[in-house]
Each structure stands twice: as structure tokens, then as C-alpha cells.
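Containing mmCIF, C-alpha atoms: final-v5.cif.
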```
data_entry
loop_
_atom_site.group_PDB
_atom_site.id
_atom_site.type_symbol
_atom_site.label_atom_id
_atom_site.label_comp_id
_atom_site.auth_asym_id
_atom_site.auth_seq_id
_atom_site.Cartn_x
_atom_site.Cartn_y
_atom_site.Cartn_z
ATOM 1 C CA ALA A 298 0.000 0.000 0.000
ATOM 2 C CA MET A 299 2.932 2.339 0.615
ATOM 3 C CA ASP A 300 4.786 1.436 -2.616
ATOM 4 C CA TYR A 301 4.949 4.684 -4.607
ATOM 5 C CA SER A 302 7.125 3.223 -7.372
ATOM 6 C CA THR A 303 4.245 1.932 -9.512
ATOM 7 C CA PRO A 304 2.684 4.288 -12.097
ATOM 8 C CA ASN A 305 -0.775 4.104 -10.491
ATOM 9 C CA ALA A 306 0.625 5.006 -7.071
ATOM 10 C CA ARG A 307 2.555 7.943 -8.519
ATOM 11 C CA ASP A 308 -0.566 9.190 -10.295
ATOM 12 C CA ALA A 309 -2.557 8.908 -7.076
ATOM 13 C CA LEU A 310 0.149 10.702 -5.120
ATOM 14 C CA SER A 311 0.287 13.583 -7.618
ATOM 15 C CA PHE A 312 -3.497 13.826 -7.455
ATOM 16 C CA VAL A 313 -3.381 14.087 -3.678
ATOM 17 C CA ASP A 314 -0.674 16.755 -3.900
ATOM 18 C CA ALA A 315 -2.879 18.747 -6.243
ATOM 19 C CA THR A 316 -6.035 18.314 -4.167
ATOM 20 C CA GLY A 317 -4.684 18.343 -0.602
ATOM 21 C CA TRP A 318 -6.028 20.489 2.191
ATOM 22 C CA PRO A 319 -5.689 24.116 1.030
ATOM 23 C CA GLY A 320 -5.464 25.549 4.565
ATOM 24 C CA PHE A 321 -7.672 27.977 6.472
ATOM 25 C CA PRO A 322 -6.242 31.174 4.886
ATOM 26 C CA THR A 323 -7.057 29.902 1.391
ATOM 27 C CA LEU A 324 -10.521 28.731 2.461
ATOM 28 C CA SER A 325 -11.159 32.148 4.006
ATOM 29 C CA LEU A 326 -10.244 33.849 0.735
ATOM 30 C CA LEU A 327 -12.452 31.483 -1.261
ATOM 31 C CA ALA A 328 -15.401 32.378 0.984
ATOM 32 C CA GLN A 329 -15.279 35.882 -0.523
ATOM 33 C CA LEU A 330 -16.201 34.633 -3.999
ATOM 34 C CA PRO A 331 -19.964 34.529 -4.657
ATOM 35 C CA GLU A 332 -19.775 31.056 -6.211
ATOM 36 C CA TYR A 333 -18.507 29.526 -2.950
ATOM 37 C CA ARG A 334 -20.491 31.786 -0.650
ATOM 38 C CA SER A 335 -23.745 30.865 -2.400
ATOM 39 C CA MET A 336 -23.077 27.192 -1.658
ATOM 40 C CA HIS A 337 -22.390 27.939 2.011
ATOM 41 C CA GLU A 338 -25.322 30.254 2.611
ATOM 42 C CA THR A 339 -27.883 28.347 0.540
ATOM 43 C CA LEU A 340 -27.522 25.204 2.642
ATOM 44 C CA ALA A 341 -27.451 27.268 5.842
ATOM 45 C CA ASP A 342 -30.611 29.146 4.882
ATOM 46 C CA GLU A 343 -32.383 25.907 3.968
ATOM 47 C CA THR A 344 -31.343 24.373 7.284
ATOM 48 C CA VAL A 345 -33.157 27.025 9.322
ATOM 49 C CA ARG A 346 -35.778 28.103 6.769
ATOM 50 C CA THR A 347 -38.756 26.362 8.337
ATOM 51 C CA TRP A 348 -37.016 25.980 11.702
ATOM 52 C CA GLY A 349 -39.635 24.205 13.855
ATOM 53 C CA GLN A 350 -41.563 24.444 17.067
ATOM 54 C CA ILE A 351 -41.379 22.814 20.465
ATOM 55 C CA THR A 352 -44.281 20.508 21.306
ATOM 56 C CA CYS A 353 -45.274 18.551 24.379
ATOM 57 C CA THR A 354 -46.836 15.080 24.311
ATOM 58 C CA SER A 355 -47.430 14.913 28.046
ATOM 59 C CA ASP A 356 -50.794 15.620 29.664
ATOM 60 C CA ASP A 357 -49.006 17.204 32.595
ATOM 61 C CA THR A 358 -49.868 20.902 32.740
ATOM 62 C CA ALA A 359 -46.555 21.657 34.434
ATOM 63 C CA ALA A 360 -44.681 20.199 31.466
ATOM 64 C CA ALA A 361 -46.796 22.151 29.000
ATOM 65 C CA ALA A 362 -46.111 25.329 30.947
ATOM 66 C CA LYS A 363 -42.402 24.962 30.149
ATOM 67 C CA LEU A 364 -42.970 25.378 26.413
ATOM 68 C CA PRO A 365 -43.081 29.207 26.403
ATOM 69 C CA LYS A 366 -39.941 29.322 28.542
ATOM 70 C CA LEU A 367 -38.084 27.029 26.131
ATOM 71 C CA VAL A 368 -39.182 29.109 23.157
ATOM 72 C CA GLN A 369 -38.039 32.275 24.909
ATOM 73 C CA ALA A 370 -34.690 30.639 25.705
ATOM 74 C CA LEU A 371 -34.148 29.731 22.036
ATOM 75 C CA GLU A 372 -34.864 33.306 21.061
ATOM 76 C CA ARG A 373 -32.791 34.792 23.880
ATOM 77 C CA TYR A 374 -29.725 32.719 22.984
ATOM 78 C CA LYS A 375 -30.338 33.274 19.220
ATOM 79 C CA ILE A 376 -30.073 29.553 18.494
ATOM 80 C CA ARG A 377 -31.490 29.858 14.987
ATOM 81 C CA SER A 378 -28.802 32.339 13.972
ATOM 82 C CA LEU A 379 -26.201 30.200 15.743
ATOM 83 C CA VAL A 380 -27.169 27.094 13.751
ATOM 84 C CA ARG A 381 -27.004 29.048 10.497
ATOM 85 C CA THR A 382 -23.494 30.276 11.348
ATOM 86 C CA VAL A 383 -22.383 26.762 12.291
ATOM 87 C CA VAL A 384 -23.508 25.398 8.910
ATOM 88 C CA ILE A 385 -21.665 28.189 7.075
ATOM 89 C CA HIS A 386 -18.455 27.496 9.020
ATOM 90 C CA ASP A 387 -18.726 23.770 8.340
ATOM 91 C CA GLN A 388 -19.289 24.382 4.629
ATOM 92 C CA ALA A 389 -16.460 26.891 4.339
ATOM 93 C CA TYR A 390 -13.803 25.354 6.617
ATOM 94 C CA GLY A 391 -14.747 21.693 6.984
ATOM 95 C CA GLY A 392 -15.780 22.054 10.631
ATOM 96 C CA ALA A 393 -17.440 24.324 13.151
ATOM 97 C CA HIS A 394 -17.155 24.922 16.891
ATOM 98 C CA VAL A 395 -19.701 26.177 19.418
ATOM 99 C CA PHE A 396 -18.554 27.358 22.818
ATOM 100 C CA PRO A 397 -21.190 27.715 25.563
ATOM 101 C CA ARG A 398 -20.223 30.398 28.064
ATOM 102 C CA LEU A 399 -20.850 28.918 31.505
ATOM 103 C CA CYS A 400 -20.635 30.802 34.773
ATOM 104 C CA GLU A 401 -20.088 29.358 38.226
ATOM 105 C CA SER A 402 -21.635 31.783 40.725
ATOM 106 C CA ALA A 403 -20.046 35.127 39.782
ATOM 107 C CA ASP A 404 -16.985 33.698 38.056
ATOM 108 C CA ALA A 405 -16.679 32.126 34.617
ATOM 109 C CA LEU A 406 -16.051 28.383 34.677
ATOM 110 C CA PRO A 407 -12.439 27.653 33.579
ATOM 111 C CA CYS A 408 -12.274 26.551 29.954
ATOM 112 C CA ASP A 409 -10.024 23.584 30.687
ATOM 113 C CA ALA A 410 -12.547 22.174 33.189
ATOM 114 C CA PRO A 411 -14.642 19.324 31.741
ATOM 115 C CA VAL A 412 -18.415 19.517 31.644
ATOM 116 C CA LEU A 413 -20.053 17.026 34.014
ATOM 117 C CA LEU A 414 -23.521 15.980 32.908
ATOM 118 C CA LYS A 415 -24.982 16.083 36.408
ATOM 119 C CA PRO A 416 -27.779 18.262 37.814
ATOM 120 C CA GLU A 417 -25.549 19.649 40.517
ATOM 121 C CA PHE A 418 -22.996 20.834 37.949
ATOM 122 C CA PHE A 419 -25.392 23.092 36.068
ATOM 123 C CA ALA A 420 -26.837 25.698 38.386
ATOM 124 C CA ARG A 421 -29.843 27.739 37.334
ATOM 125 C CA GLY A 422 -28.716 30.658 35.206
ATOM 126 C CA CYS A 423 -25.186 29.336 34.668
ATOM 127 C CA LEU A 424 -25.521 29.498 30.871
ATOM 128 C CA SER A 425 -24.583 32.967 29.711
ATOM 129 C CA SER A 426 -24.528 32.671 25.903
ATOM 130 C CA PHE A 427 -23.187 30.711 22.932
ATOM 131 C CA ALA A 428 -20.292 31.658 20.656
ATOM 132 C CA ALA A 429 -19.576 30.255 17.191
ATOM 133 C CA ILE A 430 -15.772 30.008 16.935
ATOM 134 C CA GLU A 431 -14.238 29.972 13.474
ATOM 135 C CA PRO A 432 -11.994 26.881 13.133
ATOM 136 C CA TYR A 433 -8.724 28.679 12.409
ATOM 137 C CA TRP A 434 -8.720 30.041 15.982
ATOM 138 C CA VAL A 435 -8.841 26.486 17.359
ATOM 139 C CA THR A 436 -5.902 24.053 17.311
ATOM 140 C CA PRO A 437 -5.959 20.437 18.577
ATOM 141 C CA ASN A 438 -3.907 19.908 21.727
ATOM 142 C CA ALA A 439 -3.967 16.294 22.928
ATOM 143 C CA TYR A 440 -5.393 13.178 21.285
ATOM 144 C CA ASN A 441 -5.028 9.416 21.498
ATOM 145 C CA ALA A 442 -2.869 8.116 18.648
ATOM 146 C CA THR A 443 -1.830 4.763 20.164
ATOM 147 C CA ASP A 444 -4.971 2.698 20.792
ATOM 148 C CA PRO A 445 -7.496 2.409 17.919
ATOM 149 C CA THR A 446 -9.874 0.400 20.116
ATOM 150 C CA LYS A 447 -10.748 3.383 22.272
ATOM 151 C CA ALA A 448 -13.506 5.845 21.454
ATOM 152 C CA ASP A 449 -11.154 8.832 21.656
ATOM 153 C CA PHE A 450 -8.752 7.485 19.016
ATOM 154 C CA TYR A 451 -7.664 10.420 16.855
ATOM 155 C CA THR A 452 -10.212 12.590 18.634
ATOM 156 C CA PRO A 453 -8.816 15.618 20.484
ATOM 157 C CA SER A 454 -9.471 15.561 24.221
ATOM 158 C CA SER A 455 -8.568 19.252 24.469
ATOM 159 C CA TRP A 456 -8.043 22.192 22.140
ATOM 160 C CA TYR A 457 -6.074 25.413 22.139
ATOM 161 C CA MET A 458 -8.258 28.445 21.461
ATOM 162 C CA LEU A 459 -5.406 30.832 20.718
ATOM 163 C CA ALA A 460 -3.504 30.776 24.049
ATOM 164 C CA LYS A 461 -6.353 29.262 26.069
ATOM 165 C CA GLU A 462 -6.668 25.519 26.634
ATOM 166 C CA VAL A 463 -10.259 24.295 26.238
ATOM 167 C CA HIS A 464 -11.537 20.870 27.255
ATOM 168 C CA ALA A 465 -13.226 18.984 24.419
ATOM 169 C CA SER A 466 -16.484 18.750 26.379
ATOM 170 C CA ARG A 467 -16.616 22.560 26.487
ATOM 171 C CA LEU A 468 -16.297 22.948 22.721
ATOM 172 C CA PHE A 469 -19.004 21.326 20.617
ATOM 173 C CA THR A 470 -17.507 20.353 17.259
ATOM 174 C CA VAL A 471 -19.513 19.822 14.059
ATOM 175 C CA ILE A 472 -17.855 17.989 11.137
ATOM 176 C CA SER A 473 -20.208 16.898 8.372
ATOM 177 C CA ARG A 474 -17.540 15.421 6.053
ATOM 178 C CA PRO A 475 -14.896 13.661 8.177
ATOM 179 C CA VAL A 476 -11.685 12.398 6.608
ATOM 180 C CA PRO A 477 -9.909 9.079 7.309
ATOM 181 C CA ASP A 478 -7.800 8.899 10.462
ATOM 182 C CA MET A 479 -4.571 9.083 8.444
ATOM 183 C CA LEU A 480 -5.548 12.548 7.155
ATOM 184 C CA LYS A 481 -7.070 14.013 10.320
ATOM 185 C CA ALA A 482 -3.844 15.580 11.535
ATOM 186 C CA ALA A 483 -3.204 17.097 8.080
ATOM 187 C CA TYR A 484 -6.706 18.600 8.147
ATOM 188 C CA SER A 485 -6.208 20.004 11.666
ATOM 189 C CA PHE A 486 -8.771 17.431 12.858
ATOM 190 C CA ARG A 487 -11.529 18.927 10.763
ATOM 191 C CA GLY A 488 -13.157 17.544 7.628
ATOM 192 C CA VAL A 489 -13.382 18.306 3.925
ATOM 193 C CA SER A 490 -15.062 21.612 3.203
ATOM 194 C CA MET A 491 -17.520 22.216 0.395
ATOM 195 C CA SER A 492 -15.134 24.885 -0.902
ATOM 196 C CA GLN A 493 -12.402 22.288 -1.363
ATOM 197 C CA LEU A 494 -14.748 19.844 -3.089
ATOM 198 C CA ALA A 495 -16.015 22.517 -5.467
ATOM 199 C CA MET A 496 -12.681 24.161 -6.340
ATOM 200 C CA ALA A 497 -12.228 22.350 -9.669
ATOM 201 C CA TYR A 498 -15.844 22.992 -10.697
ATOM 202 C CA VAL A 499 -15.758 26.670 -9.734
ATOM 203 C CA ASP A 500 -12.432 27.128 -11.547
ATOM 204 C CA ASN A 501 -13.980 25.619 -14.698
ATOM 205 C CA TRP A 502 -16.988 27.907 -14.352
ATOM 206 C CA LEU A 503 -14.895 31.047 -13.873
ATOM 207 C CA ARG A 504 -12.701 30.166 -16.857
ATOM 208 C CA THR A 505 -15.728 29.370 -19.044
ATOM 209 C CA ARG A 506 -17.553 32.524 -17.984
ATOM 210 C CA GLN A 507 -14.556 34.709 -18.809
ATOM 211 C CA SER A 508 -13.932 32.900 -22.105
ATOM 212 C CA VAL A 509 -17.534 33.416 -23.193
ATOM 213 C CA SER A 510 -17.300 37.073 -22.243
ATOM 214 C CA ASP A 511 -14.090 37.450 -24.253
ATOM 215 C CA VAL A 512 -15.632 35.794 -27.301
ATOM 216 C CA VAL A 513 -18.710 38.035 -27.130
ATOM 217 C CA LYS A 514 -16.486 41.091 -26.808
ATOM 218 C CA GLN A 515 -14.215 40.117 -29.702
ATOM 219 C CA PHE A 516 -16.504 38.018 -31.877
ATOM 220 C CA SER A 517 -15.976 40.357 -34.859
ATOM 221 C CA ILE A 518 -12.545 41.211 -36.253
ATOM 222 C CA THR A 519 -12.129 43.786 -39.017
ATOM 223 C CA TYR A 520 -9.157 43.444 -41.373
ATOM 224 C CA LEU A 521 -7.766 46.504 -43.147
ATOM 225 C CA LYS A 522 -5.808 45.153 -46.083
ATOM 226 C CA ALA A 523 -2.953 47.474 -47.058
ATOM 227 C CA ASP A 524 0.469 47.455 -48.629
ATOM 228 C CA LEU A 525 2.719 46.332 -45.771
ATOM 229 C CA SER A 526 5.891 46.840 -47.790
ATOM 230 C CA GLN A 527 5.840 50.457 -46.635
ATOM 231 C CA MET A 528 6.876 49.207 -43.206
ATOM 232 C CA LEU A 529 10.328 48.568 -44.681
ATOM 233 C CA GLN A 530 10.710 52.220 -45.542
ATOM 234 C CA PRO A 531 12.039 54.756 -42.986
ATOM 235 C CA GLY A 532 9.144 55.773 -40.764
ATOM 236 C CA GLY A 533 6.854 53.313 -42.513
ATOM 237 C CA ALA A 534 5.775 51.520 -39.362
ATOM 238 C CA TYR A 535 4.818 54.817 -37.744
ATOM 239 C CA SER A 536 2.743 55.806 -40.771
ATOM 240 C CA LEU A 537 0.994 52.424 -40.736
ATOM 241 C CA MET A 538 0.140 52.782 -37.042
ATOM 242 C CA GLU A 539 -1.265 56.258 -37.698
ATOM 243 C CA ARG A 540 -3.436 54.807 -40.472
ATOM 244 C CA ALA A 541 -4.749 52.092 -38.135
ATOM 245 C CA GLN A 542 -5.483 54.611 -35.384
ATOM 246 C CA LEU A 543 -7.291 56.854 -37.865
ATOM 247 C CA PHE A 544 -9.392 53.905 -39.006
ATOM 248 C CA ASN A 545 -10.308 52.940 -35.416
ATOM 249 C CA LEU A 546 -11.089 56.539 -34.506
ATOM 250 C CA TYR A 547 -13.906 56.744 -37.034
ATOM 251 C CA ARG A 548 -14.937 53.111 -36.898
ATOM 252 C CA ASP A 549 -18.648 53.090 -36.115
ATOM 253 C CA ASN A 550 -21.785 51.703 -37.697
ATOM 254 C CA ARG A 551 -23.077 55.256 -38.138
ATOM 255 C CA ASN A 552 -19.925 56.639 -39.808
ATOM 256 C CA LEU A 553 -18.413 56.421 -43.250
ATOM 257 C CA GLY A 554 -15.357 54.265 -43.844
ATOM 258 C CA LEU A 555 -12.783 55.424 -46.357
ATOM 259 C CA VAL A 556 -10.097 53.201 -47.880
ATOM 260 C CA ASP A 557 -7.686 53.597 -50.718
ATOM 261 C CA MET A 558 -9.267 52.092 -53.823
ATOM 262 C CA ASN A 559 -6.016 50.616 -55.182
ATOM 263 C CA GLN A 560 -3.945 49.633 -52.143
ATOM 264 C CA GLU A 561 -6.494 48.972 -49.367
ATOM 265 C CA ASP A 562 -9.451 46.687 -48.789
ATOM 266 C CA LEU A 563 -11.746 45.682 -45.926
ATOM 267 C CA ALA A 564 -12.600 42.208 -44.666
ATOM 268 C CA GLN A 565 -14.571 41.135 -41.587
ATOM 269 C CA ILE A 566 -14.510 37.761 -39.834
ATOM 270 C CA ASN A 567 -17.193 36.905 -37.270
ATOM 271 C CA THR A 568 -16.916 34.116 -34.708
ATOM 272 C CA PRO A 569 -20.156 32.087 -34.404
ATOM 273 C CA LEU A 570 -21.813 32.644 -31.001
ATOM 274 C CA SER A 571 -24.246 29.739 -31.201
ATOM 275 C CA GLY A 572 -23.785 27.172 -28.437
ATOM 276 C CA LEU A 573 -21.934 29.463 -26.029
ATOM 277 C CA ASP A 574 -24.997 29.767 -23.795
ATOM 278 C CA ALA A 575 -25.280 25.978 -23.529
ATOM 279 C CA LEU A 576 -21.590 25.561 -22.659
ATOM 280 C CA GLN A 577 -21.802 28.243 -19.991
ATOM 281 C CA ALA A 578 -24.998 26.768 -18.552
ATOM 282 C CA GLN A 579 -23.446 23.292 -18.337
ATOM 283 C CA SER A 580 -20.437 24.686 -16.517
ATOM 284 C CA GLN A 581 -22.772 26.377 -14.051
ATOM 285 C CA GLU A 582 -24.782 23.179 -13.582
ATOM 286 C CA GLN A 583 -21.636 21.326 -12.561
ATOM 287 C CA MET A 584 -21.326 23.577 -9.497
ATOM 288 C CA ALA A 585 -24.885 22.666 -8.516
ATOM 289 C CA ALA A 586 -24.098 18.981 -9.005
ATOM 290 C CA VAL A 587 -21.051 18.898 -6.716
ATOM 291 C CA SER A 588 -22.862 20.857 -3.984
ATOM 292 C CA HIS A 589 -26.063 18.753 -4.304
ATOM 293 C CA ILE A 590 -28.081 21.987 -4.357
ATOM 294 C CA PRO A 591 -30.797 22.399 -6.988
ATOM 295 C CA LEU A 592 -29.891 24.978 -9.615
ATOM 296 C CA VAL A 593 -32.944 27.096 -8.839
ATOM 297 C CA LYS A 594 -31.808 27.333 -5.208
ATOM 298 C CA LEU A 595 -28.122 27.900 -5.900
ATOM 299 C CA THR A 596 -28.422 30.446 -8.702
ATOM 300 C CA GLY A 597 -32.006 31.701 -8.522
ATOM 301 C CA ILE A 598 -32.520 30.662 -12.167
#
```
Using C-alpha cells, write down the structure from this file.
Amino acid sequence: AMDYSTPNARDALSFVDATGWPGFPTLSLLAQLPEYRSMHETLADETVRTWGQITCTSDDTAAAAKLPKLVQALERYKIRSLVRTVVIHDQAYGGAHVFPRLCESADALPCDAPVLLKPEFFARGCLSSFAAIEPYWVTPNAYNATDPTKADFYTPSSWYMLAKEVHASRLFTVISRPVPDMLKAAYSFRGVSMSQLAMAYVDNWLRTRQSVSDVVKQFSITYLKADLSQMLQPGGAYSLMERAQLFNLYRDNRNLGLVDMNQEDLAQINTPLSGLDALQAQSQEQMAAVSHIPLVKLTGI
């Protein structure tokens, strides 16, 4: 499996080199382009579009009385907006982190302290707010890389949030596209982002879009046939350039073109524009295919 001497292994290795993890700075820059941002925000908007409502199946009136309080808590902590941000981070960076701010009496609970799922650990009012942390501020600290039989194998037990150590139970991590264990360290223990998956398709679209624009701009070329032997004479090239500039200056469909009857002639070559719209549309459809988002949702068409 590790023999890179065979042609197939070399081809696979070069493919991995060309499609490896681009890094958080590159993914941040890609998030500025509308093609990538539309993929991130479309899925995020669809995730919270209908949202939902809390219901109670119990006949206990005390349980039903908690429903308004739960709804108010969701609104107070802005959970809907938080979920949308988490989906965008996961799409853009391959992972997302949510940090609940917990307070113990008047002091904030230390970040490196684990969360104990016990009633006595969570006092009433201890939850202050939630924060969506962008992944490039979070670095894995410690993880089990020796025993694959354990549940924490290649799973960080603590993280560094800049200079602050954070226990894994205090930082909820969302990874929708995990990578194999061998690649987790290379991906900073996050997954494959939608931006990385769509890079080849977006590059094709951008190149096709620009090529179509260039063809439309330059589909017609006008030839001014003249005696080029004058270029060999002293100052001939300058005179020829002046003639070309004079021709372009008055070149318009509403003007009159003048050429020398004996030494000049006009010819026009037009590039066919039929089929360009289909090629551009197919290139755009490929972006919808890789993101699994319907074209009408992704592009509004």
C-alpha cells in the first residue's frame, strides 16, 4: 500500500498533492467569492428556513407550561442564527465549533474544566450565551494516537483556542464530512469543506464565464488590407500605425469608412456565437451537481 514506485501510485500521489487540504487562509479567501459563498449560505438558509416548534406530548400541565420558557430561551440565545453560522463554518472550513459560556456563581467556569452531565454541575442561570468560533482560531492539543480500540482514538481531548486551553467537552464540534484517520492531523482534525470539493468545478466555471465574455467582446474582427511593404521604408511603421489609429477613430456603424481604392481593402470575420450559452450553462450546472443543491436554489434561475 505504501509502494509509490508503480505508475498508479505515482498518479494517485500527484493527485493528492494537487487536491490536498488548502489551509484555512485559502478557504477564508475562497469564501469571498460569490460562487462559494452561495453554496455555504444556501444550505445554511435551507437548514433554518422552516425551523420548527417545540411541542409537548405529556398531559401534565406543568410540562406544558415549560414550552413558552423554552421558546423564549431559544430566542434569547439566538439559536437559529447560531445554527445558520455553524452550517456556514462547516461548509467553508470543513468544521465548526460552538462554545457555551458557563458561569459558576459570579466567576466564569475555567475553559479547561470538563463539563459534568450532572444536575448539581449546572446551576440555574449558569448558561450565559453561545459563541460560534471559526476553526482557524482552534488548534488540537492532545489526542489518542496509540490505541485504535478506544472511542477517543484520533479525537482531540482538548483544544487550544489561541492561548487558552479548552476541554473537548466545552467545545461542541460539528464535522459533516470527516476524513480518514490518516488525514485528520493534516486537516487540523476537521473535515473536507464544500469549498475544497467545489474548487475544480468553480475554476472551470470562472474560466468558461470569462472565455464566453471574451468571445462576445471580440466576436468580430475587421481586417484593413494594405500594402505592408511600406513598413520597410524609414518611418513606414509609424505611418501604418497612424493609419490604423485613424481607421479605429472613425470606426462606427453610423460613420463612413474610407479606404484607398487601389492599395487597401476591408474584410470582416465573425466568430459564431451559437452554443456558447449551452456551454456556460453546463459549466454552471456542474457547481450545482457537486454541492447537491438544486440549480434554482443555488443560482435563482
Quick one: residues within 12 Å of region 359-372 of chain A, only C-alpha atoms, excluding same-chain residues fewer than 5 positions away - as a PyMOL selection string? chain A and resi 348-354+377-380+422+424-427
Selection under test: the PyMOL selection byres ((chain A and resi 490) around 10); residues as a PyMOL selection string: chain A and resi 318-319+324+337+386-392+472-475+487-489+491-495
Selection under test: the PyMOL selection byres ((chain A and resi 557-572) around 7); residues as a ChimeraX atom specification: /A:516-524,555-556,573-576
Just how far from CA of Thr470 (chain A) is CA of Val395 (chain A), in Å to one decimal? 6.6 Å
To one decimal in Å, tell me the separation between CA of Ala393 (chain A) and CA of Asp409 (chain A). 19.1 Å
Kindly give the distance, in Å, that separates CA of Ile430 (chain A) and CA of Ser588 (chain A), rounded to a single decimal.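 That distance, rounded to one decimal, is 23.9 Å.
Between Ala586 (chain A) and the candidates A:Val499, A:Tyr484, A:Asp357, A:Val345, the tightest atom-to-atom separation, counting only C-alpha atoms, involves A:Val499.
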Given all atoms listed in the file as the basis, pick out the residue of A:Thr452, A:Pro322, A:Lys514, A:Leu406 nearest to Arg467 (chain A).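 Checking each candidate against Arg467 (chain A), we get A:Leu406 as the closest.
Residues selected in this file by the PyMOL selection byres ((chain A and resi 437-442) around 6) comprise A:Thr436, A:Thr443, A:Phe450, A:Tyr451, A:Thr452, A:Pro453, A:Ser454, A:Ser455, A:Trp456, A:Tyr457.
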Do you know which residues are at most 9 Å from Phe469 (chain A) counting only C-alpha atoms, after dropping those on the same chain fewer than 3 positions away, and could you put them as an MDAnalysis selection string? chainID A and resid 393:397 465:466
Go ahead and find all residues with at least one atom no further than 6 Å from (-24.6, 26.7, 5.0) in the file's coordinates, using all atoms listed in the file; report them as a count of residues only. 8
So which one's closest to Gln583 (chain A), A:Asp500, A:Arg540, A:Met479, A:Leu399? Using all atoms listed in the file, please.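 Using all atoms listed in the file, Gln583 (chain A) sits closest to A:Asp500.
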Incomplete region 473-490 of chain A brought to N, CA, C and O atoms, written out as a tab-separated table (two decimals), keeping the file's coordinate frame:
```
chain	number	residue	atom	x	y	z
A	473	SER	N	-19.26	17.64	9.19
A	473	SER	CA	-20.21	16.90	8.37
A	473	SER	C	-19.52	15.98	7.37
A	473	SER	O	-20.14	15.02	6.89
A	474	ARG	N	-18.26	16.25	7.03
A	474	ARG	CA	-17.54	15.42	6.05
A	474	ARG	C	-16.19	15.01	6.65
A	474	ARG	O	-15.16	15.57	6.29
A	475	PRO	N	-16.17	14.05	7.56
A	475	PRO	CA	-14.90	13.66	8.18
A	475	PRO	C	-13.98	12.97	7.18
A	475	PRO	O	-14.43	12.40	6.18
A	476	VAL	N	-12.69	13.05	7.45
A	476	VAL	CA	-11.68	12.40	6.61
A	476	VAL	C	-11.17	11.15	7.33
A	476	VAL	O	-11.40	10.98	8.54
A	477	PRO	N	-10.50	10.25	6.64
A	477	PRO	CA	-9.91	9.08	7.31
A	477	PRO	C	-8.91	9.49	8.39
A	477	PRO	O	-8.36	10.60	8.37
A	478	ASP	N	-8.69	8.60	9.34
A	478	ASP	CA	-7.80	8.90	10.46
A	478	ASP	C	-6.41	9.34	10.00
A	478	ASP	O	-5.79	10.22	10.62
A	479	MET	N	-5.91	8.75	8.91
A	479	MET	CA	-4.57	9.08	8.44
A	479	MET	C	-4.46	10.55	8.04
A	479	MET	O	-3.38	11.15	8.10
A	480	LEU	N	-5.58	11.17	7.63
A	480	LEU	CA	-5.55	12.55	7.16
A	480	LEU	C	-6.03	13.55	8.20
A	480	LEU	O	-5.99	14.75	7.94
A	481	LYS	N	-6.49	13.09	9.35
A	481	LYS	CA	-7.07	14.01	10.32
A	481	LYS	C	-6.06	15.05	10.80
A	481	LYS	O	-6.39	16.23	10.93
A	482	ALA	N	-4.84	14.62	11.07
A	482	ALA	CA	-3.84	15.58	11.54
A	482	ALA	C	-3.53	16.61	10.46
A	482	ALA	O	-3.34	17.80	10.74
A	483	ALA	N	-3.48	16.17	9.18
A	483	ALA	CA	-3.20	17.10	8.08
A	483	ALA	C	-4.33	18.10	7.91
A	483	ALA	O	-4.10	19.22	7.44
A	484	TYR	N	-5.55	17.72	8.26
A	484	TYR	CA	-6.71	18.60	8.15
A	484	TYR	C	-6.99	19.32	9.46
A	484	TYR	O	-8.09	19.84	9.63
A	485	SER	N	-6.03	19.34	10.37
A	485	SER	CA	-6.21	20.00	11.67
A	485	SER	C	-7.42	19.45	12.39
A	485	SER	O	-8.14	20.17	13.09
A	486	PHE	N	-7.68	18.16	12.21
A	486	PHE	CA	-8.77	17.43	12.86
A	486	PHE	C	-10.14	18.02	12.52
A	486	PHE	O	-11.06	18.00	13.32
A	487	ARG	N	-10.24	18.56	11.32
A	487	ARG	CA	-11.53	18.93	10.76
A	487	ARG	C	-11.79	18.07	9.53
A	487	ARG	O	-11.03	17.14	9.26
A	488	GLY	N	-12.82	18.36	8.78
A	488	GLY	CA	-13.16	17.54	7.63
A	488	GLY	C	-12.92	18.28	6.32
A	488	GLY	O	-12.27	19.32	6.26
A	489	VAL	N	-13.48	17.71	5.25
A	489	VAL	CA	-13.38	18.31	3.92
A	489	VAL	C	-14.47	19.36	3.78
A	489	VAL	O	-15.64	19.10	4.05
A	490	SER	N	-14.10	20.53	3.38
A	490	SER	CA	-15.06	21.61	3.20
A	490	SER	C	-15.70	21.53	1.82
A	490	SER	O	-15.14	20.95	0.88
```
